[in-house]
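Colleague: I'd like to ask you about the structure that follows.
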Amino acid sequence: MKLHTSANNHAPPQFQSWGGYPRLNADLVALNWAGDFPLRHSPENSMLPVGMGRSYGDSCLLDGGTLLGARGLDRLIHFNPETGLLRCEAGVSLAEILDFAVPRGWFLPVTPGTKFVTVGGAIANDIHGKNHHVAGTFGCHVPRFELVRSDATRMVCSPSENPEWFHATIGGLGLTGLIPWAEVQLRPIVSRKMDYRATKFRDLKEFLDLSQASSGVEYTVAWIDCVSSGRNFTRGIFMQGHHASQPESLTPSPEPRLSVPVMMPAALLNHYTVAAFNSLYYHRQLTREKTASLDFEPFFYPLDSILHWNRIYGRDGLLQFQCVLPTMEDTRGITRILRAITDSGLASFLAVIKVFGNLPSPGMMSFPRPGITLALDFPVRREVTFALLDKLAATTLDYGGSMYPAKDARMTAAQFQAFYPQWQQFSNYIDPAFNSAFWQRVTNHE
Amino acid sequence: MNNSESFPQSTLVLGATSAIAMAVMRRMAPQRTRFFLVARSHAKLEAVRQDLLTRGAASVEILVADLDDTAFHPTILDKATRALGNIQLALIAHGVLGDQQQAQDDYSAAEAILRTNFLSAVSLITILANSFEAQRAGTLAVISSVAGDRGRKSNYVYGASKGALNIFLDGVRNRIDRSGVQVLTIRPGFVATPMTAHLPQGRLFATPDVVANGIVRAIQKRSDNVYVPGFWAFIMFVIRSIPEAIFKKMNL
């Protein structure tokens with residue numbers, strides 16, 4: 001029995017993105033049932049559906065207006081144990097899908113580095129994972145979903161039904177309407193285990209050689225040192241893995257135990273601690289190559305075992321940067337970006353680099369495309385961090401790359417419109433009552 | 001749930017679309033449980049039904065009813081018995097929080113809270129307790145609240161409805177204990193709805209999942225009373241221990 005959720009807070013609760021920057025106020029209305037939407041709204045009041053708020057920047061925020069908290073739409077609707085096709089409400093989290101599917105011998109077709117995102121959020125950002133080079137984006141595995149507009153129009157969308165709405169909504173940043181339910185095509189597994197291999201590389205060239213040599217391996221990703229310069233510049237560890245083929249018991253995952261209970265002082269995360277971490281991480285593995293049999297949890301979600309890890313960045317929060325640069329042969333662009341990051345001394349230990357494959361995304365506005373993608377966090381040190389991010393965005397643009405809206409709070413309208421020249425065509429599909437802080441920023445509204 | 005053998009396989013849930021009831025049922029569904037669900041909204045019941053069937057429930061029948069209508073209660077039990085055979089677990093989960101201000105200004109608002117939280121529960125418990133006593137088996141689990149442990153100015157009408165319910169359940173338990181029927185009074189503390197789970201909240205808030213775990217454990221252990229989460233037993237012990245001379249001046 002719910003007693004009261006706001007016994008002593010009169011101010012509206014603030015919904016924060018995972019990065020904690022920026023902080024914007026909007027009302028949060030909980031949707032607990034598919035029938036709760038559409039709701040009555042005043043025309044000047046914008047809406048935006050949100051899931052678990054794991055987008056880093058402002059794509060899941062509104063400045064004023066009403067956030068539609070869709071996490072309560074968390075019911076399963078149907079599962080076909082023969083084909084692995086799951087239909088569920090869009091607020092179901094990937095963690096909940098794993099809890100349900102793994103004991104039945106099924107796994108997510110694509111997963112990001114956290115399982116604490118909703119199906120709706122995975123579609124809206126057309127998320128990608130370590131298997132992008134062989135499986136494409138999440139949207140490639142969503143055969144159908146329903147879209148409800150603020151005027152109560154309902155559409156079932158698939159490549160053959162309302163296809164233009166299907167393509168606009170995948171990667172559509174939640175702006176095309178609310179997704180009450182979706183279908184996800186799961187993939188079979190026979191074990192929780194992953195056959196894992198970690199290989200040290202000394203520089204970018206070795207990373208690219210490893211990527212090429214492992215293009216047939218299902219999951220590949222690399223940690224890259226963005227702190228060390230000189231002969232350690234762009235060293236890292238290349239990780240590859242695939243689901244074990246030896247059948248083993250498919251038990252559900254344990255609950256996460258660790259949590260960062262309070263905000264840490266941001267000063268704890270400085271150049272020295274981060275450099276020490278990177279050095280330790282690199283040298284922890286003594287041999288050039290290491291193989292192991294690993295549970296899928298630490299393989300896919302190393303940070304999910306520590307709840308609220310974003311608190312190590314302190315109250316000012318963190319900013320993510322993720323770009324993709326199209327060329328594999330010419331590494332000048334990615335080298336310039338990595339050099340700028342290293343020189344700034346601002347990098348954190350969570351730097352990840354991967355080669356995207358060339359499977360086309362179904363989404364009109366999807367971020368992933370063939371090339372090299374780099375993602376990392378920066379603590380928000382105001383102007384210093386902003387100046388670096390602005391420089392990285394400019395370099396990305398110079399080299400014909402693109403940036404990921406789900407991880408951005410800084411790109412300019414001009415940059416966004418150059419990265420996504422199809423944005424005007426996309427805007428025809430935006431629900432007139434919907435908006436986001438991100439969209440406002442990158443389209444120069446008002 | 002480790003102990004699927006001893007866990008109830010046929011379950012009647014009244015107020016089946018409440019967040020706590022849904023979380024409890026999700027834990028039971030994989031044990032091939034058979035459900036009979038009662039709530040006011042057909043659309044919501046249908047969504048819950050599909051969820052439970054997908055998660056492994058052997059069967060789920062639904063019935064739309066307003067539980068304030070006590071005259072209909074015998075019919076509910078008839079239909080549930082026809083669907084389930086012997087009912088092994090009945091979970092009473094419906095209730096309203098109401099508005100304290102309105103309830104203290106206007107008796108009819110207070111009466112509505114008492115009717116839903118207390119009188120309709122009394123009617124259901126009477127029928128179910130007699131049926132369980134006759135079959136000499138069954139678990140009657142009723143969701144009450146920590147608010148029923150002591151009246152506070154911020155929600156004493158709701159608190160009174162739950163406090164009366166607690167005393168009624170004590171009496172029923174005492175009456176039918178010898179017939180092997182479990183009567184479980186469940187006192188949840190603050191429970192965050194799914195929607196507010198990611199918001200900064202007081203440390204006292206628990207998720208429906210945590211609360212449901214406590215309820216399932218209490219059913220398996222055949223407890224009489226349970227506070228969920230457990231730390232509320234301590235908080236309410238302290239609250240009940242404060243002398244009235246002091247308590248009446250407190251801002252609670």
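Chain lettering (A, B, ...) mirrors the order of the structure tokens, residue numbering begins at 1 for each chain separately, and ligand numbering begins at 1 in order of display.
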Just need the residues of chain A within 6 Å of chain B, counting only C-alpha atoms, so spit them out as a PDB file with C-alpha atoms, in the first residue's frame.
Modeller:
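After the write, part_14.pdb holds the following:
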```pdb
ATOM      1  CA  LYS A   2       1.462   3.273  -1.051  1.00  0.00           C
ATOM      2  CA  LEU A   3       1.437   5.729   1.792  1.00  0.00           C
ATOM      3  CA  ALA A  30       4.029   8.380 -14.171  1.00  0.00           C
ATOM      4  CA  GLY A  69       7.833   8.305 -16.857  1.00  0.00           C
ATOM      5  CA  ARG A  71       9.084   2.729 -16.409  1.00  0.00           C
ATOM      6  CA  GLY A  72       5.756   1.547 -14.984  1.00  0.00           C
ATOM      7  CA  ARG A  75       4.634  -5.982 -18.229  1.00  0.00           C
ATOM      8  CA  LEU A  76       5.461  -8.810 -20.564  1.00  0.00           C
ATOM      9  CA  ILE A  77       2.805  -9.546 -23.161  1.00  0.00           C
ATOM     10  CA  HIS A  78       3.841 -12.668 -25.016  1.00  0.00           C
TER      11      HIS A  78
END
```
Colleague: Write out, as JSON lines, each residue of stretch 119-150 of chain B that has an atom at most 10 Å from stretch 162-172 of chain B, together with the closest pair of atoms and their distance in Å to one decimal, counting only C-alpha atoms, rows going by chain and rising number.
Modeller:
```
{"residue": "B:Leu119", "atom": "CA", "partner": "B:Leu165", "partner_atom": "CA", "distance": 8.6}
{"residue": "B:Ala121", "atom": "CA", "partner": "B:Leu165", "partner_atom": "CA", "distance": 7.6}
{"residue": "B:Val122", "atom": "CA", "partner": "B:Leu165", "partner_atom": "CA", "distance": 7.5}
{"residue": "B:Ile125", "atom": "CA", "partner": "B:Leu169", "partner_atom": "CA", "distance": 8.3}
{"residue": "B:Thr126", "atom": "CA", "partner": "B:Val172", "partner_atom": "CA", "distance": 8.4}
{"residue": "B:Ala129", "atom": "CA", "partner": "B:Val172", "partner_atom": "CA", "distance": 7.4}
{"residue": "B:Asn130", "atom": "CA", "partner": "B:Val172", "partner_atom": "CA", "distance": 9.7}
{"residue": "B:Leu140", "atom": "CA", "partner": "B:Leu169", "partner_atom": "CA", "distance": 9.6}
{"residue": "B:Ala141", "atom": "CA", "partner": "B:Leu169", "partner_atom": "CA", "distance": 9.8}
{"residue": "B:Val142", "atom": "CA", "partner": "B:Leu169", "partner_atom": "CA", "distance": 8.5}
{"residue": "B:Ile143", "atom": "CA", "partner": "B:Lys162", "partner_atom": "CA", "distance": 9.0}
{"residue": "B:Ser144", "atom": "CA", "partner": "B:Lys162", "partner_atom": "CA", "distance": 5.5}
{"residue": "B:Ser145", "atom": "CA", "partner": "B:Lys162", "partner_atom": "CA", "distance": 6.2}
{"residue": "B:Val146", "atom": "CA", "partner": "B:Lys162", "partner_atom": "CA", "distance": 8.2}
{"residue": "B:Ala147", "atom": "CA", "partner": "B:Lys162", "partner_atom": "CA", "distance": 6.9}
{"residue": "B:Gly148", "atom": "CA", "partner": "B:Gly163", "partner_atom": "CA", "distance": 3.8}
{"residue": "B:Asp149", "atom": "CA", "partner": "B:Gly163", "partner_atom": "CA", "distance": 6.0}
{"residue": "B:Arg150", "atom": "CA", "partner": "B:Gly163", "partner_atom": "CA", "distance": 7.6}
```
Colleague: Could those residues be written to a file, using C-alpha atoms, as an mmCIF file, in the first residue's frame?
Modeller:
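result06.cif, freshly written:
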```cif
data_model
loop_
_atom_site.group_PDB
_atom_site.id
_atom_site.type_symbol
_atom_site.label_atom_id
_atom_site.label_comp_id
_atom_site.auth_asym_id
_atom_site.auth_seq_id
_atom_site.Cartn_x
_atom_site.Cartn_y
_atom_site.Cartn_z
ATOM 1 C CA LEU B 119 -15.701 -2.719 5.514
ATOM 2 C CA ALA B 121 -12.159 -6.205 3.583
ATOM 3 C CA VAL B 122 -14.301 -7.355 6.531
ATOM 4 C CA ILE B 125 -12.356 -11.875 5.093
ATOM 5 C CA THR B 126 -15.584 -13.154 6.654
ATOM 6 C CA ALA B 129 -12.181 -17.240 6.636
ATOM 7 C CA ASN B 130 -15.326 -19.357 6.840
ATOM 8 C CA LEU B 140 -5.418 -15.433 4.000
ATOM 9 C CA ALA B 141 -2.927 -12.610 3.372
ATOM 10 C CA VAL B 142 -4.143 -9.057 3.796
ATOM 11 C CA ILE B 143 -2.219 -5.912 2.917
ATOM 12 C CA SER B 144 -2.645 -3.429 5.718
ATOM 13 C CA SER B 145 -0.173 -0.648 6.568
ATOM 14 C CA VAL B 146 2.221 0.615 9.225
ATOM 15 C CA ALA B 147 -0.145 3.596 9.351
ATOM 16 C CA GLY B 148 -2.586 1.369 11.265
ATOM 17 C CA ASP B 149 -0.224 1.108 14.242
ATOM 18 C CA ARG B 150 -0.837 4.587 15.620
#
```
Colleague: So how far away is atom CA of B:Met250 from atom CA of B:Ile235, in Å?
Modeller: 15.6 Å
Colleague: Within 10 Å of stretch 190-194 of chain A, counting only C-alpha atoms, which residues qualify if same-chain residues fewer than 2 places away don't, as an MDAnalysis selection string?
Modeller: chainID A and resid 102:107 188 196:197 219 240:253 292:300
Colleague: Could you write those residues out with N, CA and C atoms, as a tab-separated table (two decimals), in the first residue's frame?
Modeller:
```tsv
chain	number	residue	atom	x	y	z
A	102	VAL	N	17.11	-15.47	-19.80
A	102	VAL	CA	18.31	-16.31	-19.64
A	102	VAL	C	17.96	-17.72	-19.13
A	103	PRO	N	17.13	-17.84	-18.07
A	103	PRO	CA	16.79	-19.20	-17.62
A	103	PRO	C	16.05	-20.01	-18.69
A	104	ARG	N	15.46	-19.33	-19.67
A	104	ARG	CA	14.76	-20.03	-20.76
A	104	ARG	C	15.67	-20.27	-21.96
A	105	GLY	N	16.96	-19.85	-21.84
A	105	GLY	CA	17.89	-20.10	-22.93
A	105	GLY	C	17.92	-19.04	-24.01
A	106	TRP	N	17.55	-17.81	-23.64
A	106	TRP	CA	17.55	-16.72	-24.64
A	106	TRP	C	18.30	-15.52	-24.09
A	107	PHE	N	18.79	-14.69	-25.00
A	107	PHE	CA	19.61	-13.54	-24.63
A	107	PHE	C	19.23	-12.35	-25.50
A	188	PRO	N	19.32	-17.25	-29.10
A	188	PRO	CA	19.49	-18.37	-28.16
A	188	PRO	C	20.88	-18.43	-27.55
A	196	TYR	N	36.20	-15.70	-23.45
A	196	TYR	CA	36.70	-14.33	-23.46
A	196	TYR	C	38.20	-14.33	-23.72
A	197	ARG	N	38.65	-13.38	-24.50
A	197	ARG	CA	40.09	-13.22	-24.73
A	197	ARG	C	40.44	-11.74	-24.67
A	219	TYR	N	31.47	-10.57	-30.25
A	219	TYR	CA	31.57	-9.35	-29.44
A	219	TYR	C	33.02	-8.86	-29.39
A	240	GLN	N	37.59	-9.60	-26.71
A	240	GLN	CA	36.66	-10.26	-27.61
A	240	GLN	C	36.04	-11.46	-26.90
A	241	GLY	N	34.85	-11.81	-27.34
A	241	GLY	CA	34.20	-12.94	-26.69
A	241	GLY	C	33.01	-13.43	-27.48
A	242	HIS	N	32.58	-14.60	-27.15
A	242	HIS	CA	31.33	-15.13	-27.71
A	242	HIS	C	30.67	-16.01	-26.67
A	243	HIS	N	29.37	-16.25	-26.86
A	243	HIS	CA	28.65	-17.09	-25.90
A	243	HIS	C	29.22	-18.51	-25.96
A	244	ALA	N	29.46	-19.09	-24.77
A	244	ALA	CA	30.03	-20.43	-24.72
A	244	ALA	C	29.08	-21.42	-25.38
A	245	SER	N	29.64	-22.41	-26.06
A	245	SER	CA	28.79	-23.38	-26.76
A	245	SER	C	28.54	-24.63	-25.93
A	246	GLN	N	29.24	-24.75	-24.80
A	246	GLN	CA	29.07	-25.89	-23.90
A	246	GLN	C	27.84	-25.65	-23.02
A	247	PRO	N	26.79	-26.47	-23.11
A	247	PRO	CA	25.59	-26.21	-22.30
A	247	PRO	C	25.90	-26.23	-20.80
A	248	GLU	N	25.33	-25.26	-20.10
A	248	GLU	CA	25.55	-25.14	-18.66
A	248	GLU	C	24.29	-24.57	-18.03
A	249	SER	N	24.20	-24.64	-16.70
A	249	SER	CA	22.95	-24.22	-16.06
A	249	SER	C	22.70	-22.74	-16.29
A	250	LEU	N	21.43	-22.42	-16.59
A	250	LEU	CA	21.06	-21.04	-16.95
A	250	LEU	C	20.31	-20.41	-15.80
A	251	THR	N	21.03	-20.08	-14.75
A	251	THR	CA	20.40	-19.50	-13.57
A	251	THR	C	20.21	-18.00	-13.75
A	252	PRO	N	19.26	-17.41	-13.01
A	252	PRO	CA	19.11	-15.95	-13.11
A	252	PRO	C	20.30	-15.23	-12.46
A	253	SER	N	20.48	-13.95	-12.83
A	253	SER	CA	21.59	-13.16	-12.29
A	253	SER	C	21.32	-12.77	-10.85
A	292	ALA	N	39.81	-16.51	-20.82
A	292	ALA	CA	39.08	-16.87	-19.62
A	292	ALA	C	37.67	-17.27	-20.00
A	293	SER	N	37.01	-17.96	-19.08
A	293	SER	CA	35.59	-18.22	-19.21
A	293	SER	C	34.90	-17.34	-18.18
A	294	LEU	N	34.05	-16.46	-18.66
A	294	LEU	CA	33.53	-15.38	-17.83
A	294	LEU	C	32.01	-15.40	-17.87
A	295	ASP	N	31.36	-15.08	-16.74
A	295	ASP	CA	29.91	-14.92	-16.75
A	295	ASP	C	29.56	-13.71	-17.63
A	296	PHE	N	28.35	-13.74	-18.22
A	296	PHE	CA	28.03	-12.62	-19.11
A	296	PHE	C	27.89	-11.29	-18.36
A	297	GLU	N	27.57	-11.34	-17.06
A	297	GLU	CA	27.38	-10.09	-16.31
A	297	GLU	C	28.65	-9.23	-16.31
A	298	PRO	N	29.79	-9.75	-15.80
A	298	PRO	CA	31.00	-8.91	-15.85
A	298	PRO	C	31.48	-8.65	-17.28
A	299	PHE	N	31.16	-9.53	-18.22
A	299	PHE	CA	31.59	-9.30	-19.59
A	299	PHE	C	30.86	-8.10	-20.20
A	300	PHE	N	29.53	-8.05	-20.03
A	300	PHE	CA	28.76	-6.98	-20.66
A	300	PHE	C	28.58	-5.77	-19.74
```
Colleague: Determine, counting only C-alpha atoms, which protein, DNA and RNA residues have an atom within 10 Å of an atom of stretch 149-155 of chain A; residues of the same chain fewer than 6 positions away are not included. Present the result as a count of residues only.
Modeller: 21
Colleague: So which one's closest to B:Val24, B:Leu91, B:Val181, B:Val60, B:Ala206? Using only C-alpha atoms, please.
Modeller: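 With only C-alpha atoms as the atom set, the closest residue is B:Leu91.
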Colleague: Would you kindly return, as an MDAnalysis selection string, each protein, DNA or RNA residue with an atom no farther than 10 Å from any atom of A:Leu67, considering only C-alpha atoms and excluding same-chain residues fewer than 3 positions away?
Modeller: chainID A and resid 15 25:31 46:51 60:64 70 434:436
Colleague: Save the residues we just selected, C-alpha atoms, as an mmCIF file, in the first residue's frame?
Modeller:
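Contents of result-v9.cif, as written:
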```cif
data_model
loop_
_atom_site.group_PDB
_atom_site.id
_atom_site.type_symbol
_atom_site.label_atom_id
_atom_site.label_comp_id
_atom_site.auth_asym_id
_atom_site.auth_seq_id
_atom_site.Cartn_x
_atom_site.Cartn_y
_atom_site.Cartn_z
ATOM 1 C CA PHE A 15 14.511 13.952 -13.057
ATOM 2 C CA ASN A 25 13.180 20.974 -14.022
ATOM 3 C CA ALA A 26 10.127 19.380 -15.512
ATOM 4 C CA ASP A 27 7.050 17.731 -14.061
ATOM 5 C CA LEU A 28 7.169 13.959 -14.022
ATOM 6 C CA VAL A 29 3.943 12.111 -14.700
ATOM 7 C CA ALA A 30 4.029 8.380 -14.171
ATOM 8 C CA LEU A 31 2.514 6.158 -16.829
ATOM 9 C CA SER A 46 5.776 19.935 -24.137
ATOM 10 C CA MET A 47 6.046 16.265 -23.255
ATOM 11 C CA LEU A 48 8.792 13.664 -23.520
ATOM 12 C CA PRO A 49 8.723 9.974 -22.595
ATOM 13 C CA VAL A 50 11.589 8.861 -20.344
ATOM 14 C CA GLY A 51 12.681 5.457 -19.102
ATOM 15 C CA CYS A 60 16.019 12.576 -21.815
ATOM 16 C CA LEU A 61 15.325 15.985 -20.251
ATOM 17 C CA LEU A 62 12.915 18.837 -20.719
ATOM 18 C CA ASP A 63 13.271 22.417 -19.580
ATOM 19 C CA GLY A 64 9.776 22.851 -18.167
ATOM 20 C CA ALA A 70 7.277 5.100 -18.780
ATOM 21 C CA PHE A 434 6.681 16.438 -27.871
ATOM 22 C CA ASN A 435 10.080 18.023 -27.407
ATOM 23 C CA SER A 436 13.312 17.512 -25.500
#
```
Colleague: Using DSSP on the backbone coordinates, identify all residues within stretch 77-142 of chain A classified as helix (DSSP H, G or I); present the result as a PyMOL selection string.
Modeller: chain A and resi 94-104+119-124+132-135+138-141
Colleague: Excluding same-chain residues fewer than 5 positions from A:Glu329, what lies within 12 Å of it counting only C-alpha atoms, as number ranges by chain?
Modeller: A: 204-205, 208-209, 212, 334, 371-372
Colleague: Save out the residues we just selected, C-alpha atoms, as a short mmCIF file (atom, residue, chain, number, x, y, z; two decimals), in the first residue's frame.
Modeller:
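After the write, out-v1.cif holds the following:
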```
data_model
loop_
_atom_site.label_atom_id
_atom_site.label_comp_id
_atom_site.auth_asym_id
_atom_site.auth_seq_id
_atom_site.Cartn_x
_atom_site.Cartn_y
_atom_site.Cartn_z
CA LEU A 204 46.06 2.42 -32.60
CA LYS A 205 47.50 0.43 -35.47
CA LEU A 208 42.91 -1.84 -35.88
CA ASP A 209 44.79 -5.02 -36.80
CA GLN A 212 40.24 -6.73 -38.49
CA ILE A 334 40.89 9.63 -34.51
CA GLY A 371 33.95 3.48 -38.82
CA ILE A 372 35.79 3.79 -35.54
#
```
Colleague: Please run DSSP on the backbone and report, as a ChimeraX atom specification, all residues within stretch 51-216 of chain B that come out as strand (DSSP E).
Modeller: /B:59-64,89-92,139-143,182-188
Colleague: From the options B:Leu252, B:Ile176, B:Val228, B:Met25, which residue's atoms come nearest to B:Leu128, counting only C-alpha atoms?
Modeller: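 Answer, going by the shortest atom-to-atom distance: B:Ile176.
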Colleague: Write out as a PyMOL selection string each polymer residue whose atoms come within 9 Å of B:Ile87, counting only C-alpha atoms; drop sequence neighbours fewer than 5 positions from it.
Modeller: chain B and resi 8-12+80-81+132+137-139
Colleague: My list of candidates is B:Ser131, B:Ser161, B:Thr75, B:Asn225. Which is closest to B:Ala103 when distances are computed with only C-alpha atoms?
Modeller: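 Counting only C-alpha atoms, the residue closest to B:Ala103 is B:Ser161.
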Colleague: So, with only C-alpha atoms as the atoms that count, which of B:Tyr107, B:Phe36, B:Tyr227, B:Phe118 lies closest to B:Leu77?
Modeller: B:Phe36
Colleague: Figure out the distance between atom CA of A:Leu24 and atom CA of A:Trp423, please, to one decimal in Å.
Modeller: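 Between atom CA of A:Trp423 and atom CA of A:Leu24 the gap is 24.2 Å.
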Colleague: From the set A:His133, A:Arg336, A:Arg311, A:Lys200, which residue has the shortest atom-to-atom contact distance to A:Tyr282, counting only C-alpha atoms?
Modeller: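 Nearest to A:Tyr282: A:Lys200.
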